[in-house]
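Asker: Sharing protein21.cif (mmCIF, C-alpha atoms (C1' of nucleotides)) below.
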```cif
data_structure
#
loop_
_atom_site.label_atom_id
_atom_site.label_comp_id
_atom_site.auth_asym_id
_atom_site.auth_seq_id
_atom_site.Cartn_x
_atom_site.Cartn_y
_atom_site.Cartn_z
CA MET R 1 3.15 7.92 2.36
CA PRO R 2 3.73 6.06 -0.74
CA GLU R 3 1.18 6.08 -3.46
CA LEU R 4 1.94 6.90 -7.07
CA ALA R 5 2.68 10.60 -6.55
CA GLU R 6 5.00 10.07 -3.60
CA VAL R 7 6.89 7.33 -5.40
CA GLU R 8 7.18 9.51 -8.51
CA HIS R 9 8.65 12.24 -6.35
CA GLY R 10 11.21 9.74 -5.06
CA ARG R 11 12.00 8.70 -8.61
CA ARG R 12 12.57 12.28 -9.73
CA MET R 13 14.82 12.98 -6.76
CA LEU R 14 16.88 9.89 -7.45
CA ASP R 15 17.13 10.52 -11.15
CA ARG R 16 18.18 14.12 -10.64
CA LEU R 17 20.81 13.45 -8.03
CA ALA R 18 22.23 10.15 -9.25
CA ARG R 19 21.98 9.74 -13.02
CA GLY R 20 25.37 9.44 -14.69
CA LYS R 21 27.21 9.00 -11.40
CA ARG R 22 29.09 5.98 -10.12
CA VAL R 23 28.45 4.25 -6.80
CA VAL R 24 31.60 4.37 -4.67
CA ASP R 25 30.08 3.04 -1.46
CA ALA R 26 26.95 1.04 -0.70
CA TRP R 27 25.46 -0.42 2.44
CA CYS R 28 22.39 -2.58 2.90
CA ALA R 29 20.71 -3.49 6.18
CA ASP R 30 20.77 -7.13 7.20
CA ASP R 31 17.02 -7.25 7.30
CA ASP R 32 14.47 -9.51 5.70
CA ILE R 33 13.01 -6.47 4.02
CA VAL R 34 15.48 -7.58 1.39
CA ILE R 35 13.95 -10.63 -0.18
CA GLU R 36 15.12 -13.00 -2.86
CA ALA R 37 18.65 -11.66 -2.38
CA THR R 38 21.16 -11.17 0.39
CA PRO R 39 22.37 -7.76 1.54
CA SER R 40 25.78 -8.54 0.06
CA GLU R 41 24.20 -9.26 -3.31
CA VAL R 42 22.44 -5.89 -3.17
CA VAL R 43 25.69 -4.15 -2.27
CA GLY R 44 27.39 -6.05 -5.09
CA ALA R 45 24.79 -4.84 -7.57
CA LEU R 46 25.39 -1.24 -6.51
CA HIS R 47 29.11 -1.01 -5.86
CA GLY R 48 31.11 0.37 -8.78
CA ALA R 49 28.07 0.62 -11.06
CA THR R 50 27.12 3.80 -12.88
CA ILE R 51 23.48 4.82 -12.50
CA THR R 52 21.76 5.27 -15.85
CA GLY R 53 18.39 6.32 -14.47
CA ALA R 54 15.55 5.88 -12.00
CA HIS R 55 12.28 4.38 -13.23
CA ARG R 56 8.81 3.78 -11.89
CA TRP R 57 5.65 1.81 -12.61
CA GLY R 58 2.84 2.11 -10.11
CA LYS R 59 4.35 2.09 -6.65
CA GLN R 60 7.44 0.21 -7.81
CA LEU R 61 10.65 2.19 -8.23
CA TRP R 62 13.89 0.90 -9.66
CA ILE R 63 17.42 2.11 -10.23
CA ALA R 64 19.08 1.02 -13.47
CA PHE R 65 22.84 0.79 -13.96
CA ASP R 66 25.33 0.31 -16.76
CA ARG R 67 25.06 -3.41 -16.00
CA PRO R 68 22.40 -5.70 -14.58
CA PRO R 69 20.69 -6.22 -12.23
CA CYS R 70 18.48 -3.25 -11.33
CA VAL R 71 17.78 -2.47 -7.68
CA CYS R 72 14.00 -2.37 -7.19
CA LEU R 73 12.40 -0.57 -4.26
CA HIS R 74 8.90 -0.68 -2.84
CA PHE R 75 8.05 1.67 0.01
CA GLY R 76 5.27 -0.35 1.63
CA MET R 77 3.11 1.73 3.96
CA THR R 78 5.91 4.05 4.98
CA GLY R 79 9.25 5.23 3.78
CA GLY R 80 10.96 6.83 0.87
CA ILE R 81 14.17 8.29 -0.50
CA ARG R 82 16.18 10.58 1.76
CA THR R 83 19.19 12.80 1.22
CA PRO R 84 21.29 14.47 3.92
CA GLY R 85 19.64 17.59 5.28
CA ASP R 86 16.53 17.22 3.13
CA ASP R 87 13.04 18.08 4.17
CA PRO R 88 11.57 14.68 4.83
CA LEU R 89 8.47 14.80 2.69
CA VAL R 90 8.16 11.12 2.07
CA LEU R 91 8.86 10.23 5.62
CA GLU R 92 7.43 8.63 8.66
CA SER R 93 8.46 11.14 11.29
CA SER R 94 5.70 13.64 11.87
CA GLY R 95 6.95 14.92 15.18
CA ALA R 96 7.74 18.54 15.85
CA ASP R 97 11.45 18.01 15.37
CA VAL R 98 12.46 17.15 11.85
CA ASP R 99 14.98 14.40 12.11
CA ARG R 100 18.09 15.40 10.18
CA ALA R 101 20.41 12.74 11.51
CA TRP R 102 22.47 10.94 8.90
CA PRO R 103 22.15 8.16 8.12
CA PRO R 104 18.47 8.58 8.93
CA ARG R 105 16.55 6.34 11.29
CA PHE R 106 15.23 3.15 9.68
CA CYS R 107 17.69 3.45 6.81
CA LYS R 108 17.69 0.16 4.91
CA LEU R 109 19.92 1.10 2.00
CA HIS R 110 22.62 3.75 1.81
CA VAL R 111 24.57 4.85 -1.26
CA THR R 112 27.47 7.26 -1.80
CA LEU R 113 28.22 8.47 -5.34
CA ASP R 114 31.50 9.51 -6.93
CA ASP R 115 30.80 13.23 -6.44
CA GLY R 116 30.00 12.75 -2.76
CA THR R 117 26.21 12.73 -3.18
CA ARG R 118 24.53 10.44 -0.72
CA PHE R 119 21.04 9.02 -0.51
CA GLY R 120 19.21 6.45 1.54
CA PHE R 121 16.10 4.31 1.38
CA VAL R 122 14.23 4.46 4.69
CA ASN R 123 11.40 2.20 5.78
CA SER R 124 10.25 2.18 9.38
CA ARG R 125 7.45 -0.35 9.37
CA ARG R 126 9.41 -2.74 7.24
CA LEU R 127 6.60 -3.47 4.84
CA GLY R 128 8.76 -2.18 2.03
CA ARG R 129 10.93 -4.35 -0.19
CA VAL R 130 14.29 -4.38 -1.93
CA ARG R 131 14.65 -6.73 -4.90
CA LEU R 132 17.15 -7.35 -7.67
CA ARG R 133 15.84 -7.78 -11.22
CA ASP R 134 17.62 -7.98 -14.58
CA ASP R 135 14.56 -6.77 -16.49
CA PRO R 136 12.13 -5.25 -13.97
CA ARG R 137 9.39 -4.35 -16.43
CA ASN R 138 9.09 -7.90 -17.62
CA GLN R 139 9.46 -9.74 -14.34
CA PRO R 140 7.18 -9.99 -11.31
CA PRO R 141 6.00 -8.08 -9.46
CA ILE R 142 6.05 -5.28 -12.03
CA SER R 143 5.01 -7.45 -14.96
CA LYS R 144 1.79 -8.30 -13.13
CA LEU R 145 0.71 -4.70 -12.64
CA GLY R 146 -2.00 -2.93 -14.57
CA PHE R 147 -1.71 0.43 -16.33
CA ASP R 148 0.06 3.32 -14.63
CA PRO R 149 -2.42 6.23 -14.62
CA PHE R 150 0.34 8.83 -14.85
CA LEU R 151 2.48 7.17 -17.50
CA ALA R 152 -0.06 5.24 -19.54
CA MET R 153 -3.71 6.05 -18.97
CA PRO R 154 -5.83 3.87 -21.28
CA GLY R 155 -8.18 5.47 -23.76
CA LYS R 156 -11.88 5.78 -22.92
CA LYS R 157 -12.91 2.56 -24.61
CA GLU R 158 -10.19 0.44 -23.08
CA PHE R 159 -10.72 1.94 -19.64
CA ALA R 160 -14.44 1.24 -19.80
CA ALA R 161 -13.80 -2.33 -20.90
CA LEU R 162 -11.44 -2.92 -17.98
CA VAL R 163 -14.06 -1.60 -15.55
CA LYS R 164 -16.99 -3.47 -17.10
CA ARG R 165 -15.42 -6.88 -16.77
CA ARG R 166 -15.21 -6.75 -12.97
CA LYS R 167 -18.00 -7.33 -10.47
CA ILE R 168 -16.32 -6.01 -7.36
CA PRO R 169 -17.06 -2.65 -5.70
CA ILE R 170 -15.46 0.17 -7.66
CA LYS R 171 -13.41 1.15 -4.60
CA ALA R 172 -11.89 -2.33 -4.48
CA LEU R 173 -11.18 -2.21 -8.21
CA LEU R 174 -9.36 1.11 -7.93
CA LEU R 175 -7.15 -0.41 -5.24
CA ASP R 176 -6.40 -3.49 -7.34
CA GLN R 177 -2.84 -3.03 -8.63
CA LYS R 178 -3.58 -5.37 -11.54
CA PHE R 179 -6.12 -2.78 -12.66
CA ALA R 180 -4.45 0.58 -12.01
CA ALA R 181 -0.92 0.45 -10.64
CA GLY R 182 -0.06 3.08 -8.08
CA VAL R 183 -3.54 3.88 -6.77
CA GLY R 184 -3.75 3.57 -2.99
CA ASN R 185 -6.36 4.33 -0.41
CA TRP R 186 -6.33 8.12 -0.49
CA ILE R 187 -6.15 8.41 -4.29
CA ALA R 188 -9.03 5.95 -4.64
CA ASP R 189 -11.20 7.90 -2.20
CA GLU R 190 -10.32 11.23 -3.82
CA VAL R 191 -11.13 9.93 -7.30
CA LEU R 192 -14.50 8.51 -6.23
CA TYR R 193 -15.38 11.76 -4.47
CA GLN R 194 -14.44 13.94 -7.41
CA ALA R 195 -16.24 11.64 -9.85
CA ARG R 196 -19.25 11.60 -7.49
CA VAL R 197 -19.47 7.82 -7.50
CA ARG R 198 -20.48 5.75 -4.48
CA PRO R 199 -17.61 3.47 -3.48
CA ARG R 200 -19.75 0.32 -3.11
CA ARG R 201 -21.15 0.49 -6.64
CA ARG R 202 -20.34 -2.67 -8.57
CA ALA R 203 -17.85 -1.90 -11.32
CA ASP R 204 -19.82 -3.71 -14.05
CA ARG R 205 -23.00 -1.79 -13.21
CA LEU R 206 -21.58 1.70 -13.64
CA ARG R 207 -22.95 3.80 -16.46
CA LEU R 208 -20.61 4.96 -19.19
CA VAL R 209 -20.76 8.58 -18.03
CA GLU R 210 -19.74 7.49 -14.56
CA ILE R 211 -16.84 5.44 -15.88
CA GLU R 212 -15.68 8.41 -17.92
CA ALA R 213 -15.93 10.65 -14.87
CA LEU R 214 -13.79 8.18 -12.98
CA ARG R 215 -11.20 8.11 -15.71
CA ALA R 216 -11.05 11.91 -15.83
CA ALA R 217 -10.80 12.17 -12.03
CA LEU R 218 -8.09 9.52 -11.85
CA SER R 219 -6.09 11.38 -14.44
CA SER R 220 -6.49 14.79 -12.83
CA VAL R 221 -5.94 13.69 -9.23
CA VAL R 222 -2.76 11.82 -10.10
CA GLY R 223 -1.56 14.60 -12.39
CA ALA R 224 -2.15 17.32 -9.81
CA ALA R 225 -0.49 15.36 -7.01
CA VAL R 226 2.57 14.65 -9.14
CA ALA R 227 2.73 18.28 -10.29
CA VAL R 228 3.31 19.48 -6.72
CA ASP R 229 5.74 16.63 -5.95
CA ALA R 230 3.15 15.08 -3.64
CA ARG R 231 3.35 17.98 -1.18
CA LYS R 232 0.02 17.53 0.55
CA ASP R 233 -0.31 21.12 1.73
CA GLU R 234 -0.26 22.16 -1.92
CA PHE R 235 -3.11 19.88 -2.95
CA PRO R 236 -6.19 21.89 -3.92
CA ALA R 237 -8.04 23.09 -0.81
CA GLU R 238 -11.33 21.55 -1.92
CA TRP R 239 -9.94 18.00 -2.05
CA LEU R 240 -11.46 15.45 0.27
CA PHE R 241 -7.89 14.49 1.15
CA HIS R 242 -7.46 17.29 3.66
CA ARG R 243 -10.48 16.26 5.68
CA ARG R 244 -10.61 12.50 5.57
CA TRP R 245 -8.37 11.64 8.49
CA GLY R 246 -9.09 10.96 12.07
CA LYS R 247 -12.56 9.57 11.43
CA GLN R 248 -13.91 12.56 13.31
CA LYS R 249 -17.57 12.20 13.99
CA ASP R 250 -19.05 15.27 12.19
CA ALA R 251 -16.13 15.64 9.75
CA THR R 252 -17.24 17.58 6.68
CA THR R 253 -16.02 18.52 3.22
CA HIS R 254 -14.85 22.07 2.49
CA ASP R 255 -18.44 22.98 1.61
CA GLY R 256 -20.11 21.34 4.57
CA HIS R 257 -21.14 17.86 3.43
CA ALA R 258 -20.80 15.08 6.02
CA ILE R 259 -17.97 12.60 5.52
CA ARG R 260 -18.64 8.96 6.36
CA HIS R 261 -16.11 6.20 7.03
CA ASP R 262 -16.87 2.62 6.00
CA ASP R 263 -14.85 -0.54 5.58
CA ILE R 264 -14.87 -1.50 1.92
CA GLY R 265 -12.66 -4.19 0.47
CA GLY R 266 -10.87 -4.39 3.79
CA ARG R 267 -9.82 -0.74 3.80
CA THR R 268 -11.23 2.30 5.49
CA THR R 269 -13.07 4.36 2.91
CA ALA R 270 -13.90 8.02 3.43
CA TRP R 271 -16.83 9.17 1.30
CA VAL R 272 -19.60 11.71 1.11
CA PRO R 273 -23.11 10.23 0.76
CA THR R 274 -24.74 13.50 -0.30
CA VAL R 275 -22.31 13.95 -3.17
CA GLN R 276 -21.47 10.41 -4.29
CA ARG R 277 -24.41 8.62 -5.92
"C1'" DC F 1 -2.61 -0.23 26.85
"C1'" DT F 2 -5.00 -0.59 22.47
"C1'" DC F 3 -5.57 0.06 17.79
"C1'" DA F 4 -5.67 1.93 13.08
"C1'" DG F 5 -2.86 2.46 9.16
"C1'" DT F 6 -1.17 6.23 2.20
"C1'" DG F 7 0.40 -1.89 1.26
"C1'" DT F 8 0.94 -6.63 -0.39
"C1'" DT F 9 0.42 -11.51 -0.38
"C1'" DC F 10 -1.26 -15.85 0.63
"C1'" DA F 11 -4.36 -19.43 2.46
"C1'" DG F 12 -8.93 -20.83 2.70
"C1'" DT F 13 -13.89 -20.73 1.43
"C1'" DG F 14 -17.67 -20.61 -1.66
"C1'" DT P 1 -11.14 -18.74 -12.49
"C1'" DC P 2 -13.44 -15.28 -9.78
"C1'" DA P 3 -14.94 -12.98 -5.42
"C1'" DC P 4 -14.23 -12.38 -0.84
"C1'" DT P 5 -12.32 -12.77 3.99
"C1'" DG P 6 -8.92 -12.94 7.30
"C1'" DA P 7 -4.38 -13.18 8.69
"C1'" DA P 8 0.26 -11.99 8.54
"C1'" DC P 9 3.92 -8.80 8.18
"C1'" DA P 10 6.10 -4.72 11.71
"C1'" DC P 11 6.03 -0.69 14.11
"C1'" DT P 12 4.66 4.10 15.02
"C1'" DG P 13 1.69 7.55 16.76
"C1'" DA P 14 -2.68 8.81 18.52
#
```
Will you turn the file into C-alpha cells for me?
Answerer:
Amino acid sequence: MPELAEVEHGRRMLDRLARGKRVVDAWCADDDIVIEATPSEVVGALHGATITGAHRWGKQLWIAFDRPPCVCLHFGMTGGIRTPGDDPLVLESSGADVDRAWPPRFCKLHVTLDDGTRFGFVNSRRLGRVRLRDDPRNQPPISKLGFDPFLAMPGKKEFAALVKRRKIPIKALLLDQKFAAGVGNWIADEVLYQARVRPRRRADRLRLVEIEALRAALSSVVGAAVAVDARKDEFPAEWLFHRRWGKQKDATTHDGHAIRHDDIGGRTTAWVPTVQR
DNA sequence: CTCAGTGTTCAGTG
DNA sequence: TCACTGAACACTGA
C-alpha cells in the first residue's frame, strides 16, 4: 500500500528502531527484485555498518550508514517494513488471521541490529526494488523525481508554472513522479475530489484558482495521511478514499453523490461528476 | 478460472 | 522532445 504516506511511515519506523545501531546480521533474498547488485553485495553493504538514519523522497526510501553505499528500497505495489510481532499496516495480507510468523512471508531483506532489534523488507508481488547508491539524492532514480509534497511543496507560483507547462490530463500529471514524487492512484483521486477538479481536465487549461485548490488539497491530503501514520481507518470519514474501492455500481460519497470509475492515463480513476467540474 | 491492482519502465507510434 | 498506448513485470485476493 505504498504511496507517500505509507512509505513515510516505514521511514519513521526504521529511523526510530535502527538509528545509531550496528548491523550484526543481514540476509538478502536471491531474487531479481535486487537489481544492479547481487544479494551478497547488499549483505556486504549492511553487515557491520552503523545506521545513521532512514530517508525518503517520494516513494523511495533509503537507509544511510557510517559508510557508503546506502541501501535503497522501493515497495512497488505491495510491501513494506516489518518488525517481529508488529501489526502489519503496510502489508499485503488482509486475511482474517494476521500473519505474525518471523521472518514474515515474502521477506526479501532481513536485518538484525546489535541490540537484538530485527526488521525485514517484505514484498509479495515482487514489483519492489532494492538498490545500492553512494549518493541516493543525486543518482537515479531519485535524482529524476519531482518535488516531494510532504517535504518540499513548491510555492504557489512555482506550482502553477509546473502545472501550466503540461498538456496531459491533470490526473495523469499528478501520477507523474517527475512532477510530484510520492503521489499514487488513491492520493491523486482524493486530491482531485477535494479540489473539485475533473480528472480529465488538461493541466494547461486549468484556471489559477483550480490550480491553487489542487495545491492546497495535495498538501492537506498528504499531511493528514502522514499525521496518522497512513492508518486508513483514521483518515477523515468524508474522504473519497473509504468509498472508492470495488467499483460498486451505485457507490456513493459520504453525502450521497455517485462515484464513477474511468480509465485515465492507464489507471482506474474514481471520481464524482456532480462535485468535480 | 479470470482479472484488477495503492507502481515503474521501456518500446513503439504519431 | 512531447504525448500517448500497450506490454511487461509477478502474484494475490476477489
Asker: Counting only C-alpha atoms (C1' of nucleotides), which residues of chain R come no farther than 7 Å from chain F, as a ChimeraX atom specification?
Answerer: /R:1-3,76-77,184-186
Asker: Could the residues of chain P within 7 Å of chain R, counting all atoms listed in the file, be given as a list in words, please?
Answerer: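 So the residues of chain P near chain R are DC9, DA10 and DC11 of chain P.
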Asker: How far is it from CA of Thr50 in chain R to CA of Phe147 in chain R, in Å with one decimal?
Answerer: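 Between these atoms lies a distance of 29.2 Å.
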Asker: Which distance in Å separates CA of Ile33 in chain R and CA of Gly10 in chain R, to one decimal?
Answerer: 18.7 Å
Asker: Can you tell me, as a list in words, what residues are no more than 8 Å from Asp86 in chain R when counting only C-alpha atoms (C1' of nucleotides), ignoring any on the same chain fewer than 3 positions away?
Answerer: Arg82, Thr83 and Arg100 of chain R
Asker: Report as an MDAnalysis selection string the full result of the PyMOL selection byres ((chain R and resi 129-131) around 6) when it is applied to this structure.
Answerer: chainID R and resid 33:34 71:74 128 132
Asker: Those residues you just picked out, can you put them in a file as a PDB file, in the coordinates of the input with C-alpha atoms?
Answerer:
```pdb
ATOM      1  CA  ILE R  33      13.010  -6.470   4.020  1.00  0.00           C
ATOM      2  CA  VAL R  34      15.480  -7.580   1.390  1.00  0.00           C
ATOM      3  CA  VAL R  71      17.780  -2.470  -7.680  1.00  0.00           C
ATOM      4  CA  CYS R  72      14.000  -2.370  -7.190  1.00  0.00           C
ATOM      5  CA  LEU R  73      12.400  -0.570  -4.260  1.00  0.00           C
ATOM      6  CA  HIS R  74       8.900  -0.680  -2.840  1.00  0.00           C
ATOM      7  CA  GLY R 128       8.760  -2.180   2.030  1.00  0.00           C
ATOM      8  CA  LEU R 132      17.150  -7.350  -7.670  1.00  0.00           C
TER       9      LEU R 132
END
```
Asker: Just how far from CA of Ala5 in chain R is CA of Asp229 in chain R, in Å to one decimal?
Answerer: 6.8 Å
Asker: Do you know which residues the PyMOL selection byres ((chain R and resi 197) around 12) returns on this file, as a ChimeraX atom specification?
Answerer: /R:169-171,188-196,198-203,205-207,209-215,217,271-277
Asker: Any idea what's packed within 9 Å of Trp62 in chain R, counting only C-alpha atoms (C1' of nucleotides), ignoring anything in its chain fewer than 2 positions away? Could you give it as a PyMOL selection string?
Answerer: chain R and resi 11+53-57+60+64+70-74+136
